[in-house]
Number of protein chains: 8
Amino acid sequence: MKKKGFVDLKFAKVDIDRQARRGFSEAIYCENKSKEQIAKILSQFIKYNQKVIFLTRLDREKFLYLKSKFPFLQYNETARFGFLKKNKIKNKNREVLVLSAGTIDIPVAEEAVLTLEIMGNKVRKVYDVGVAGTHRILNHLEFLRKANVIVVVAGMEAALASLVSGLVKAPVIAVPTSCGYGANFKGLSALLTMINSCSPGIAVVNIDNGFGAGYIASLINNR
Amino acid sequence: MKKKGFVDLKFAKVDIDRQARRGFSEAIYCENKSKEQIAKILSQFIKYNQKVIFLTRLDREKFLYLKSKFPFLQYNETARFGFLKKNKIKNKNREVLVLSAGTIDIPVAEEAVLTLEIMGNKVRKVYDVGVAGTHRILNHLEFLRKANVIVVVAGMEAALASLVSGLVKAPVIAVPTSCGYGANFKGLSALLTMINSCSPGIAVVNIDNGFGAGYIASLINNR
Amino acid sequence: MKKKGFVDLKFAKVDIDRQARRGFSEAIYCENKSKEQIAKILSQFIKYNQKVIFLTRLDREKFLYLKSKFPFLQYNETARFGFLKKNKIKNKNREVLVLSAGTIDIPVAEEAVLTLEIMGNKVRKVYDVGVAGTHRILNHLEFLRKANVIVVVAGMEAALASLVSGLVKAPVIAVPTSCGYGANFKGLSALLTMINSCSPGIAVVNIDNGFGAGYIASLINNR
Amino acid sequence: MKKKGFVDLKFAKVDIDRQARRGFSEAIYCENKSKEQIAKILSQFIKYNQKVIFLTRLDREKFLYLKSKFPFLQYNETARFGFLKKNKIKNKNREVLVLSAGTIDIPVAEEAVLTLEIMGNKVRKVYDVGVAGTHRILNHLEFLRKANVIVVVAGMEAALASLVSGLVKAPVIAVPTSCGYGANFKGLSALLTMINSCSPGIAVVNIDNGFGAGYIASLINNR
Amino acid sequence: MKKKGFVDLKFAKVDIDRQARRGFSEAIYCENKSKEQIAKILSQFIKYNQKVIFLTRLDREKFLYLKSKFPFLQYNETARFGFLKKNKIKNKNREVLVLSAGTIDIPVAEEAVLTLEIMGNKVRKVYDVGVAGTHRILNHLEFLRKANVIVVVAGMEAALASLVSGLVKAPVIAVPTSCGYGANFKGLSALLTMINSCSPGIAVVNIDNGFGAGYIASLINNR
Amino acid sequence: MKKKGFVDLKFAKVDIDRQARRGFSEAIYCENKSKEQIAKILSQFIKYNQKVIFLTRLDREKFLYLKSKFPFLQYNETARFGFLKKNKIKNKNREVLVLSAGTIDIPVAEEAVLTLEIMGNKVRKVYDVGVAGTHRILNHLEFLRKANVIVVVAGMEAALASLVSGLVKAPVIAVPTSCGYGANFKGLSALLTMINSCSPGIAVVNIDNGFGAGYIASLINNR
Amino acid sequence: MKKKGFVDLKFAKVDIDRQARRGFSEAIYCENKSKEQIAKILSQFIKYNQKVIFLTRLDREKFLYLKSKFPFLQYNETARFGFLKKNKIKNKNREVLVLSAGTIDIPVAEEAVLTLEIMGNKVRKVYDVGVAGTHRILNHLEFLRKANVIVVVAGMEAALASLVSGLVKAPVIAVPTSCGYGANFKGLSALLTMINSCSPGIAVVNIDNGFGAGYIASLINNR
Amino acid sequence: MKKKGFVDLKFAKVDIDRQARRGFSEAIYCENKSKEQIAKILSQFIKYNQKVIFLTRLDREKFLYLKSKFPFLQYNETARFGFLKKNKIKNKNREVLVLSAGTIDIPVAEEAVLTLEIMGNKVRKVYDVGVAGTHRILNHLEFLRKANVIVVVAGMEAALASLVSGLVKAPVIAVPTSCGYGANFKGLSALLTMINSCSPGIAVVNIDNGFGAGYIASLINNR
């Protein structure tokens, strides 16, 4: 079965080849899976020695069930993120900076932070530095310039990504969030802002996709 | 006929009461009107002593035709704007600041500037100060703080309005422009950015509507 | 820490410089913050002597928690708005008129009214004067003409802003609401109506954003 | 062939039964048909004695070609409308009122007017009475109240339909137009406004569809 | 107060002039009003002798409260509609036909039926005759041809309106519904289908707006 | 009554002619029908000997009610699908292959599988073979090439349909699902991907419409 | 080079394996390719003995250039389609029926017809049978019932697909067209109608994609 | 003037500080600027010794004008890109791979290639390897695995990015293109596909933004 590169559980084909092919194992998106399904997939990961485990959108109740079966499982409730362990930091001189525009963007930012830490990156986080008071971000200019990669998490008008990108040499990964109200259309407004940025050096991931942002930021940080 | 408050040209009911009611006469939107129609409406304005004339979206060819009939008519080709004269500046201490994020937003910004000048406002303009290089706008902080009202004209991700609003006490009128490409959807992206601003003190007019921005900015400046 | 102009609570960077820079302190958007977070931010505001407090989208339960800690806190349940005190009215001759098109738009209108009152404006409110029965608004023509600034709150087809603007010299701040059903698309229809108004003198804030409307109306009223 | 109720020209199945079934013959939408195709269809209409002919979106060039073959053909260039003759007015006491909000909406309004006249209705037209100056429409209150059916043609924010409907007992057929600019999205804004009207008694046809509005207004007028 | 044509309850301006002006009193949209508010408005209607009462989107719980205060109040739960009495049928020869495409469209269709009956129309209803089995509607051809006005209520692809219109001389009022799933986008798909109908003689009201459809159908039926 | 081809239950016109006309009886979409309504329709189907019964979107509670009245009724909870019996497989050499991109797409895929089995098709299912690990699908190349018809169920970016179509001679029926988050807009993203496929040989059904996919796949398989 | 299954022209990788893999060679979409590019690709197709050639969206000017180099090339100008030869009809008892709702949909329908004929299918075409006059389609009931597969090409409200599907046992491939005006949004309206059809047995291809419809219809016809 | 970090040409504030701040000078977006404006900005760049020049969306006519003034200016017509010189390759072991899904995506891909080369990267390009024939991309697996960064340019359903990302360890920058037709909505479909990718390791830039993709890919390649 290993030859095929996956384990066939019928309801899932667990991609045990991914670690070899891509460097990291498959993430388990938990939102629409039952706790039993998650446990079965997780067992395979452990059996086939997939070293890094990402359990995204994992709610507390499912976590408690899994914890009873996999006692080493760790959990961050803000980010709704489960994992077994964090890799050792590979390169202490390469810091990834994770920014959030507002307090309400923190859960998405934390998902990016955890993903980065699990993948072995040194991370610094600076939250609530949106453009309504630019002195907050300008006060952290030193960190901006020192960062090897920057992740910007922002909702509403999401102007922070452009502002930050204009000040630095590092690539910026932008994460629109669905936070806000009125004509934000569940994050579409922030997505359009970020994708239309006039400042080169920005690329965008899906709305609220802190995991995806952390993942590609880690790939970049380890070039 | 004057009693009714309008002159009925059949294809148009010229609102000669508007100057009394609103302080300024009706603007003539020229884009879908024939040059003969514009001339007929303009004649009525002059006949009924409407003192301020706005001819918006007036192309050069139609202007030349009108100029031959109304020799005092003036024209700004960048803004595609015709007018008879500018009012005297009512209050030199109240300055309206018009900002454009990019060079390509200038035609819309100029439309706002002209509207403001015709209505008797002191105007300062600072162009091409978008967020890709914030030192350009921060270098003009003195003007930002001194302004009584600020008009921000920006396309693409349109982050300038939020940035500016966060620095000042004055109200900001934001004008999204259709400039840009890709997923800007003819200005929709900029409109959503501005309307979702996290910084209070901003209100928005229609895409590319420099006239509307100048008009309300003038009303505000003369409170 | 004060030198930086903000207090760093990690989950929030409280902008204590905003009062100096913008005239008023930061509003606390309460919807996605825990009651403990709100209390911590509020403490900083009080500590650094921010005189005006806006707590928007504050539900009753969170208010009761805060009230037990900050006994002077006041609350308007219709507008879901918390505040410490209303400023004294600065200029009794300058009245801001807040209109609602329907009864169901009142919560948003009340948010605008409270914001204006807290910032020290004289406010008059006239509710349920939509265009289905124009005699209701025409009967208040005197108030329309006397107002220094007008806020129009309307959902569904939101025609009231254009109608009002056509009758007055004052600037109109339009607030689309998400009230209505069918093809209103959570306020998008009302937003498009207002942004496309044929009547100059109108600028628009975000859907249901009564606070933003009141805020800029106050800035305008105090030019 | 007549038994089937249509003539099969291969590229078109001419519906010669429609006059019997629906009271009026099929309209020929000319925009994407060649002048030869239109001529062939028209010949069949004449051969099978279809008494009323509507040629919509007919440009001048195609008209001149058709005129050379069908000398009785008449044409209105503003409405881009061809027809053979107008029916006699069936009932002089029943007047259909066609309103346009602006001058630029006139071509669509004229299409409605012609359709109504060809179908034998008495029509009154009042143009350029949009809500930016309500005295223009209020001055025509007598016509509003006297009308048996009202067609309102409006673009941009299209508030006129709601205003008119609130004043009368007659049903209102609303026609959004694609006139305007910025966030009007080719008439979508006007369509949403009209469909979301808070005033009962309004139904809406497609953007710029003056023919459709005139057609159903005639059906209503002849109930 | 009566002179003004409305009663000012502050939270509502009850339009007691509407019966004189439009023939029928204002409908009370109950969804976002408290039961106490509805009762206060209803009292005014009764006090000022508004003969026809429409209470739309009235849920059972609010009805029971109102019933205890206004014992004559009647209620249709399917349509969530309250009313005092149905007018006498004015003209038995003029029948309005209300069609629904599916079983799930019936609540909206019933709202139209009740509105028509309250306004004094003879109504016939034929439900579940969508285009997936055309023999169901073709079997009712006699009723289609006899109807003076037709209301078509349909969701999903909403093809029924075009099909029916192509068979009759009567005007068709089309009501898109939000019924369906997948890419129907809460009725937008049905709305676009109906507004783009290739068959003249159709006009459209808002999604799920059975009241609006019944209202204008009654106006048409009584021309 | 049978002559008409339907049974009129007033709230539904049961199409008992459909089996003769189309080969299979009408499916009952259960989501917005009461359990009593479903039971009444089902009784007619049985009375008029409609051999194949589809009850889609049937939740457990309604099923239990129906089971008590129709003891032969079977149920699949994953697919929320009720049925009386599966037809015998008509042709064992013609296999329909149903693929799902992810585990969370399985309920929709199961709806397609059941529909196919009930209609008498041999079905093979292969789940969780999305493009993030192509070896999973390439490992099943033999099944891909052997299939007579292929159904591809996928959400998010939905790239699987194009990939599969490029490898086979069989027609592909693509079902977008609403699974995913962020900018997937309830399946719109997947729908657009599939409809824009660069690979000919694909046609698309509605979002989450496993029944529709299975139905047309069965028609194709039995050509 | 052949081993790889494609020829690398740098600007194109000509897929010469496709005939073996999929049964038919790659279609050349000509709209954004230069005539020289098309000629180079075509040469490779001929060199590697790809027997069936599809040149879609080929304008007359490019065709004439190609004709001078490949004298056997044939062309249908209505469909803007180039090809070398039509395959022999494989099975005369299996007829594909191609319907167009209107005359203006014929170019797309012809693209489907040619694709089918080139791939060796017997095709019957019936044009201009839209739902505004259903007797036109009902008159062809015999052809509907006899067809093995049906392609329905329709724009505007696109109701024809549902109507036809409700009458037959054959699968229906629906092609929305961008024909129409107003709120059809370049075919989006027709696409939504077809994808939301209440009648099972329909699957949809891209807007104006006659080639794609013909291609899958041929695959189905040859099951 | 240099102290400020920009040169004020009034119509543009040339950001001569950007090279120091961000490593590269500002790109000149030429589409909406006059050739005289471009020349003036270019002069400043040269005067202030900005070493790398990007002139994007530069049409041939404007290039010829600039060439006469700046003889060293080079030009790539496919990419509509002007530049002075390419930097030396900094690191020959780090290769950026640029893929295009189709031939029609090449202009956007070339813009990315040129940007990368000018910034001193080693680039390999492989064009026309879309998912309709996966053997074309699988045949280049060696290049995929060797690449340090990958840029994927694709329109229509844009599935290539997900497929490629699933096979490699390198980060993928995805560029949606507006190529295609029907429901691609000028690249929106491709943008949604890419942003919704189920494969982590992808970030997205604006539609047709080859420059932005090349720019961030270069930043990543030089971490």
# chains A, B, ... in the order shown; residues from 1 in each chain; ligands from 1

$ select_by_dssp --residues "range 94-221 of chain B" --states "helix (DSSP H, G or I)" --output "MDAnalysis selection string"
chainID B and resid 103:118 131:133 135:138 141:146 160:165 185:195 210:221

$ residues_around --residues "Gln44 in chain D" --least-positions-apart "3" --cutoff "10 Å" --atoms "only C-alpha atoms" --output "VMD selection string"
chain D and resid 6 to 9 14 to 16 39 to 41 47 to 50

$ interface_residues --of "chain E" --to "chain F" --cutoff "12 Å" --atoms "only C-alpha atoms" --output "PyMOL selection string"
chain E and resi 78+99-107+109-110+124-140+156-157+178-186+189

$ write_last_selection --atoms "N, CA and C atoms" --output "CSV table (one decimal), in the first residue's frame"
chain,number,residue,atom,x,y,z
E,78,THR,N,-49.8,30.3,6.5
E,78,THR,CA,-48.9,30.0,5.3
E,78,THR,C,-48.3,31.3,4.8
E,99,LEU,N,-50.5,31.7,-10.3
E,99,LEU,CA,-49.9,30.4,-10.5
E,99,LEU,C,-48.6,30.3,-9.7
E,100,SER,N,-48.4,29.0,-9.2
E,100,SER,CA,-47.0,28.8,-8.6
E,100,SER,C,-46.4,27.7,-9.3
E,101,ALA,N,-45.1,27.8,-9.5
E,101,ALA,CA,-44.3,26.8,-10.3
E,101,ALA,C,-44.2,25.5,-9.4
E,102,GLY,N,-43.9,25.7,-8.1
E,102,GLY,CA,-43.7,24.5,-7.3
E,102,GLY,C,-44.5,24.6,-6.0
E,103,THR,N,-44.5,23.5,-5.3
E,103,THR,CA,-45.1,23.5,-4.0
E,103,THR,C,-44.5,24.4,-3.0
E,104,ILE,N,-43.2,24.5,-3.1
E,104,ILE,CA,-42.4,25.4,-2.1
E,104,ILE,C,-42.6,26.9,-2.4
E,105,ASP,N,-43.2,27.2,-3.5
E,105,ASP,CA,-43.5,28.6,-3.8
E,105,ASP,C,-44.8,29.1,-3.3
E,106,ILE,N,-45.6,28.1,-2.7
E,106,ILE,CA,-47.0,28.4,-2.3
E,106,ILE,C,-47.1,29.6,-1.2
E,107,PRO,N,-46.2,29.6,-0.2
E,107,PRO,CA,-46.4,30.8,0.8
E,107,PRO,C,-46.3,32.1,0.1
E,109,ALA,N,-47.1,32.7,-3.1
E,109,ALA,CA,-48.3,32.8,-3.9
E,109,ALA,C,-49.5,33.1,-3.0
E,110,GLU,N,-49.6,32.5,-1.9
E,110,GLU,CA,-50.7,32.8,-1.0
E,110,GLU,C,-50.7,34.3,-0.5
E,124,ARG,N,-58.4,33.1,-8.8
E,124,ARG,CA,-58.3,31.6,-9.0
E,124,ARG,C,-56.8,31.3,-8.8
E,125,LYS,N,-56.6,30.2,-8.1
E,125,LYS,CA,-55.2,29.8,-7.9
E,125,LYS,C,-54.9,28.4,-8.4
E,126,VAL,N,-53.8,28.2,-9.1
E,126,VAL,CA,-53.4,26.9,-9.7
E,126,VAL,C,-51.9,26.8,-9.3
E,127,TYR,N,-51.6,25.8,-8.5
E,127,TYR,CA,-50.3,25.6,-7.9
E,127,TYR,C,-49.6,24.4,-8.5
E,128,ASP,N,-48.2,24.5,-8.5
E,128,ASP,CA,-47.4,23.4,-8.8
E,128,ASP,C,-47.5,23.0,-10.3
E,129,VAL,N,-47.3,24.0,-11.2
E,129,VAL,CA,-47.5,23.8,-12.6
E,129,VAL,C,-46.2,24.2,-13.4
E,130,GLY,N,-45.1,23.9,-12.8
E,130,GLY,CA,-43.8,24.3,-13.4
E,130,GLY,C,-43.5,23.6,-14.7
E,131,VAL,N,-42.4,24.1,-15.3
E,131,VAL,CA,-42.2,23.6,-16.7
E,131,VAL,C,-41.6,22.2,-16.8
E,132,ALA,N,-41.2,21.6,-15.7
E,132,ALA,CA,-40.7,20.2,-15.7
E,132,ALA,C,-41.8,19.3,-16.3
E,133,GLY,N,-43.1,19.7,-16.1
E,133,GLY,CA,-44.2,18.9,-16.7
E,133,GLY,C,-45.2,19.8,-17.3
E,134,THR,N,-45.0,20.3,-18.5
E,134,THR,CA,-45.8,21.3,-19.1
E,134,THR,C,-47.3,20.9,-19.3
E,135,HIS,N,-47.6,19.6,-19.3
E,135,HIS,CA,-49.0,19.2,-19.4
E,135,HIS,C,-49.8,19.8,-18.3
E,136,ARG,N,-49.2,20.0,-17.1
E,136,ARG,CA,-49.9,20.5,-16.0
E,136,ARG,C,-50.5,21.9,-16.2
E,137,ILE,N,-49.6,22.7,-16.8
E,137,ILE,CA,-50.1,24.1,-17.1
E,137,ILE,C,-51.0,24.1,-18.4
E,138,LEU,N,-50.6,23.3,-19.4
E,138,LEU,CA,-51.4,23.3,-20.7
E,138,LEU,C,-52.8,22.8,-20.4
E,139,ASN,N,-52.9,22.0,-19.4
E,139,ASN,CA,-54.2,21.5,-19.0
E,139,ASN,C,-55.2,22.6,-18.4
E,140,HIS,N,-54.5,23.7,-18.0
E,140,HIS,CA,-55.3,24.8,-17.5
E,140,HIS,C,-55.4,26.0,-18.5
E,156,MET,N,-36.1,28.9,-8.6
E,156,MET,CA,-35.1,28.1,-9.4
E,156,MET,C,-34.9,28.8,-10.7
E,157,GLU,N,-35.2,28.1,-11.9
E,157,GLU,CA,-34.9,28.8,-13.2
E,157,GLU,C,-36.1,29.6,-13.6
E,178,SER,N,-37.1,32.9,-3.6
E,178,SER,CA,-35.7,32.5,-3.1
E,178,SER,C,-35.6,31.0,-2.9
E,179,CYS,N,-36.7,30.3,-3.3
E,179,CYS,CA,-36.7,28.8,-3.2
E,179,CYS,C,-35.7,28.2,-4.1
E,180,GLY,N,-35.1,27.1,-3.7
E,180,GLY,CA,-34.1,26.5,-4.6
E,180,GLY,C,-32.8,26.3,-3.8
E,181,TYR,N,-31.8,26.0,-4.5
E,181,TYR,CA,-30.5,25.7,-3.8
E,181,TYR,C,-29.4,25.9,-4.8
E,182,GLY,N,-28.2,25.7,-4.4
E,182,GLY,CA,-27.1,25.8,-5.3
E,182,GLY,C,-26.9,27.3,-5.8
E,183,ALA,N,-26.8,27.4,-7.1
E,183,ALA,CA,-26.5,28.7,-7.7
E,183,ALA,C,-27.7,29.6,-7.9
E,184,ASN,N,-28.7,29.4,-7.0
E,184,ASN,CA,-29.9,30.3,-7.2
E,184,ASN,C,-29.7,31.6,-6.5
E,185,PHE,N,-28.7,31.7,-5.6
E,185,PHE,CA,-28.3,32.9,-5.0
E,185,PHE,C,-29.5,33.7,-4.4
E,186,LYS,N,-30.2,33.0,-3.6
E,186,LYS,CA,-31.4,33.6,-2.9
E,186,LYS,C,-32.4,34.3,-3.8
E,189,SER,N,-31.1,34.3,-9.4
E,189,SER,CA,-31.3,33.6,-10.6
E,189,SER,C,-32.7,33.7,-11.2

$ atom_distance --atom1 "CA of Leu73 in chain F" --atom2 "CA of Gly23 in chain F"
21.0 Å

$ residues_around --residues "Lys169 in chain E" --least-positions-apart "5" --cutoff "10 Å" --atoms "only C-alpha atoms" --output "PyMOL selection string"
(chain D and resi 18-24+219+223) or (chain E and resi 144-150+164+201)

$ write_last_selection --atoms "all heavy atoms" --output "compact mmCIF listing (two decimals), in the first residue's frame"
# COMPACT_ATOMS: atom_id res chain seq x y z
N ARG D 18 -49.26 34.53 -33.52
CA ARG D 18 -49.20 35.33 -32.30
C ARG D 18 -50.30 36.40 -32.22
O ARG D 18 -50.83 36.69 -31.16
CB ARG D 18 -47.82 35.98 -32.15
CG ARG D 18 -47.60 36.50 -30.75
CD ARG D 18 -46.18 36.91 -30.45
NE ARG D 18 -45.26 35.78 -30.53
CZ ARG D 18 -43.98 35.84 -30.15
NH1 ARG D 18 -43.49 36.97 -29.69
NH2 ARG D 18 -43.21 34.79 -30.27
N GLN D 19 -50.63 36.99 -33.38
CA GLN D 19 -51.68 38.02 -33.38
C GLN D 19 -52.99 37.46 -32.83
O GLN D 19 -53.65 38.10 -32.00
CB GLN D 19 -51.86 38.52 -34.80
CG GLN D 19 -52.67 39.78 -34.90
CD GLN D 19 -52.64 40.32 -36.34
OE1 GLN D 19 -51.78 41.09 -36.72
NE2 GLN D 19 -53.59 39.87 -37.14
N ALA D 20 -53.34 36.27 -33.27
CA ALA D 20 -54.57 35.63 -32.77
C ALA D 20 -54.45 35.30 -31.28
O ALA D 20 -55.38 35.51 -30.50
CB ALA D 20 -54.86 34.37 -33.57
N ARG D 21 -53.29 34.79 -30.91
CA ARG D 21 -53.09 34.27 -29.57
C ARG D 21 -52.91 35.38 -28.54
O ARG D 21 -53.44 35.35 -27.45
CB ARG D 21 -51.84 33.38 -29.58
CG ARG D 21 -51.66 32.47 -28.43
CD ARG D 21 -50.51 31.50 -28.72
NE ARG D 21 -49.20 32.08 -28.54
CZ ARG D 21 -48.28 32.28 -29.48
NH1 ARG D 21 -48.53 31.97 -30.75
NH2 ARG D 21 -47.13 32.82 -29.20
N ARG D 22 -52.15 36.38 -28.94
CA ARG D 22 -51.75 37.40 -27.97
C ARG D 22 -52.31 38.78 -28.30
O ARG D 22 -52.13 39.72 -27.53
CB ARG D 22 -50.23 37.49 -27.89
CG ARG D 22 -49.58 36.15 -27.56
CD ARG D 22 -48.28 36.34 -26.85
NE ARG D 22 -48.47 37.12 -25.66
CZ ARG D 22 -47.49 37.68 -24.94
NH1 ARG D 22 -46.24 37.53 -25.33
NH2 ARG D 22 -47.74 38.40 -23.88
N GLY D 23 -52.91 38.95 -29.49
CA GLY D 23 -53.48 40.24 -29.83
C GLY D 23 -52.56 41.08 -30.70
O GLY D 23 -53.02 41.96 -31.42
N PHE D 24 -51.27 40.81 -30.64
CA PHE D 24 -50.31 41.57 -31.43
C PHE D 24 -49.26 40.63 -32.00
O PHE D 24 -48.95 39.59 -31.41
CB PHE D 24 -49.61 42.63 -30.57
CG PHE D 24 -50.54 43.72 -30.17
CD1 PHE D 24 -51.27 43.66 -28.99
CD2 PHE D 24 -50.76 44.81 -31.02
CE1 PHE D 24 -52.17 44.64 -28.64
CE2 PHE D 24 -51.65 45.81 -30.67
CZ PHE D 24 -52.36 45.72 -29.48
N LEU D 219 -51.16 46.68 -22.49
CA LEU D 219 -52.05 45.60 -22.03
C LEU D 219 -52.86 46.05 -20.82
O LEU D 219 -54.07 45.81 -20.73
CB LEU D 219 -51.24 44.35 -21.64
CG LEU D 219 -50.44 43.62 -22.73
CD1 LEU D 219 -49.88 42.31 -22.16
CD2 LEU D 219 -51.29 43.34 -23.95
N ARG D 223 -57.20 46.76 -20.23
CA ARG D 223 -57.97 45.79 -19.41
C ARG D 223 -59.43 46.20 -19.44
O ARG D 223 -59.75 47.39 -19.42
CB ARG D 223 -57.50 45.78 -17.95
CG ARG D 223 -56.12 45.15 -17.68
CD ARG D 223 -56.06 43.70 -18.03
NE ARG D 223 -55.76 43.56 -19.43
CZ ARG D 223 -55.91 42.41 -20.10
NH1 ARG D 223 -56.34 41.35 -19.50
NH2 ARG D 223 -55.64 42.34 -21.36
N LEU E 144 -56.00 30.18 -18.19
CA LEU E 144 -54.98 31.14 -18.63
C LEU E 144 -55.61 32.18 -19.55
O LEU E 144 -55.36 33.38 -19.43
CB LEU E 144 -53.86 30.43 -19.39
CG LEU E 144 -52.89 29.56 -18.58
CD1 LEU E 144 -51.88 28.89 -19.51
CD2 LEU E 144 -52.13 30.41 -17.56
N ARG E 145 -56.42 31.70 -20.49
CA ARG E 145 -56.99 32.61 -21.50
C ARG E 145 -58.08 33.49 -20.93
O ARG E 145 -58.34 34.58 -21.43
CB ARG E 145 -57.51 31.77 -22.67
CG ARG E 145 -56.34 31.12 -23.41
CD ARG E 145 -56.66 30.80 -24.84
NE ARG E 145 -55.44 30.38 -25.53
CZ ARG E 145 -55.29 29.23 -26.19
NH1 ARG E 145 -56.31 28.40 -26.29
NH2 ARG E 145 -54.16 28.95 -26.78
N LYS E 146 -58.74 32.99 -19.90
CA LYS E 146 -59.86 33.71 -19.31
C LYS E 146 -59.40 34.79 -18.34
O LYS E 146 -60.11 35.77 -18.08
CB LYS E 146 -60.70 32.67 -18.56
CG LYS E 146 -62.04 33.12 -18.05
CD LYS E 146 -62.76 31.89 -17.48
CE LYS E 146 -63.54 32.23 -16.22
NZ LYS E 146 -63.97 31.00 -15.53
N ALA E 147 -58.22 34.62 -17.80
CA ALA E 147 -57.75 35.54 -16.75
C ALA E 147 -57.57 36.96 -17.29
O ALA E 147 -57.14 37.15 -18.43
CB ALA E 147 -56.43 35.04 -16.18
N ASN E 148 -57.91 37.91 -16.44
CA ASN E 148 -57.72 39.32 -16.81
C ASN E 148 -56.31 39.78 -16.47
O ASN E 148 -55.75 40.64 -17.14
CB ASN E 148 -58.75 40.17 -16.03
CG ASN E 148 -58.88 41.57 -16.58
OD1 ASN E 148 -58.95 41.75 -17.80
ND2 ASN E 148 -58.86 42.56 -15.70
N VAL E 149 -55.74 39.25 -15.45
CA VAL E 149 -54.35 39.50 -15.05
C VAL E 149 -53.81 38.17 -14.53
O VAL E 149 -54.56 37.39 -13.94
CB VAL E 149 -54.24 40.54 -13.91
CG1 VAL E 149 -52.78 40.89 -13.63
CG2 VAL E 149 -55.06 41.78 -14.22
N ILE E 150 -52.51 37.92 -14.71
CA ILE E 150 -51.91 36.67 -14.22
C ILE E 150 -50.70 37.01 -13.35
O ILE E 150 -49.88 37.84 -13.72
CB ILE E 150 -51.49 35.75 -15.39
CG1 ILE E 150 -52.72 35.40 -16.25
CG2 ILE E 150 -50.81 34.48 -14.88
CD1 ILE E 150 -52.41 34.58 -17.49
N VAL E 164 -45.98 31.13 -19.89
CA VAL E 164 -47.36 31.59 -19.74
C VAL E 164 -47.62 32.84 -20.57
O VAL E 164 -48.61 32.93 -21.30
CB VAL E 164 -47.65 31.86 -18.24
CG1 VAL E 164 -48.93 32.68 -18.06
CG2 VAL E 164 -47.77 30.53 -17.49
N GLY E 201 -44.83 41.59 -22.26
CA GLY E 201 -46.07 41.47 -21.49
C GLY E 201 -45.82 41.05 -20.06
O GLY E 201 -46.76 40.72 -19.34

$ atom_distance --atom1 "CA of Val52 in chain G" --atom2 "CA of Tyr65 in chain G"
20.1 Å

$ residues_around --residues "Tyr75 in chain D" --least-positions-apart "2" --cutoff "9 Å" --atoms "only C-alpha atoms" --output "PyMOL selection string"
chain D and resi 58+60+63+73+77+79-84

$ select_by_dssp --residues "chain A" --states "strand (DSSP E or B)" --output "PyMOL selection string"
chain A and resi 7-8+13-14+27-29+54-56+74-76+81-83+95-100+122-127+149-154+172-176+202-204

$ residues_around --residues "Pro200 in chain D" --least-positions-apart "4" --cutoff "8 Å" --atoms "only C-alpha atoms" --output "ChimeraX atom specification"
/D:165 /E:212,215-216

$ atom_distance --atom1 "CA of Asn76 in chain A" --atom2 "CA of Lys35 in chain A"
17.2 Å
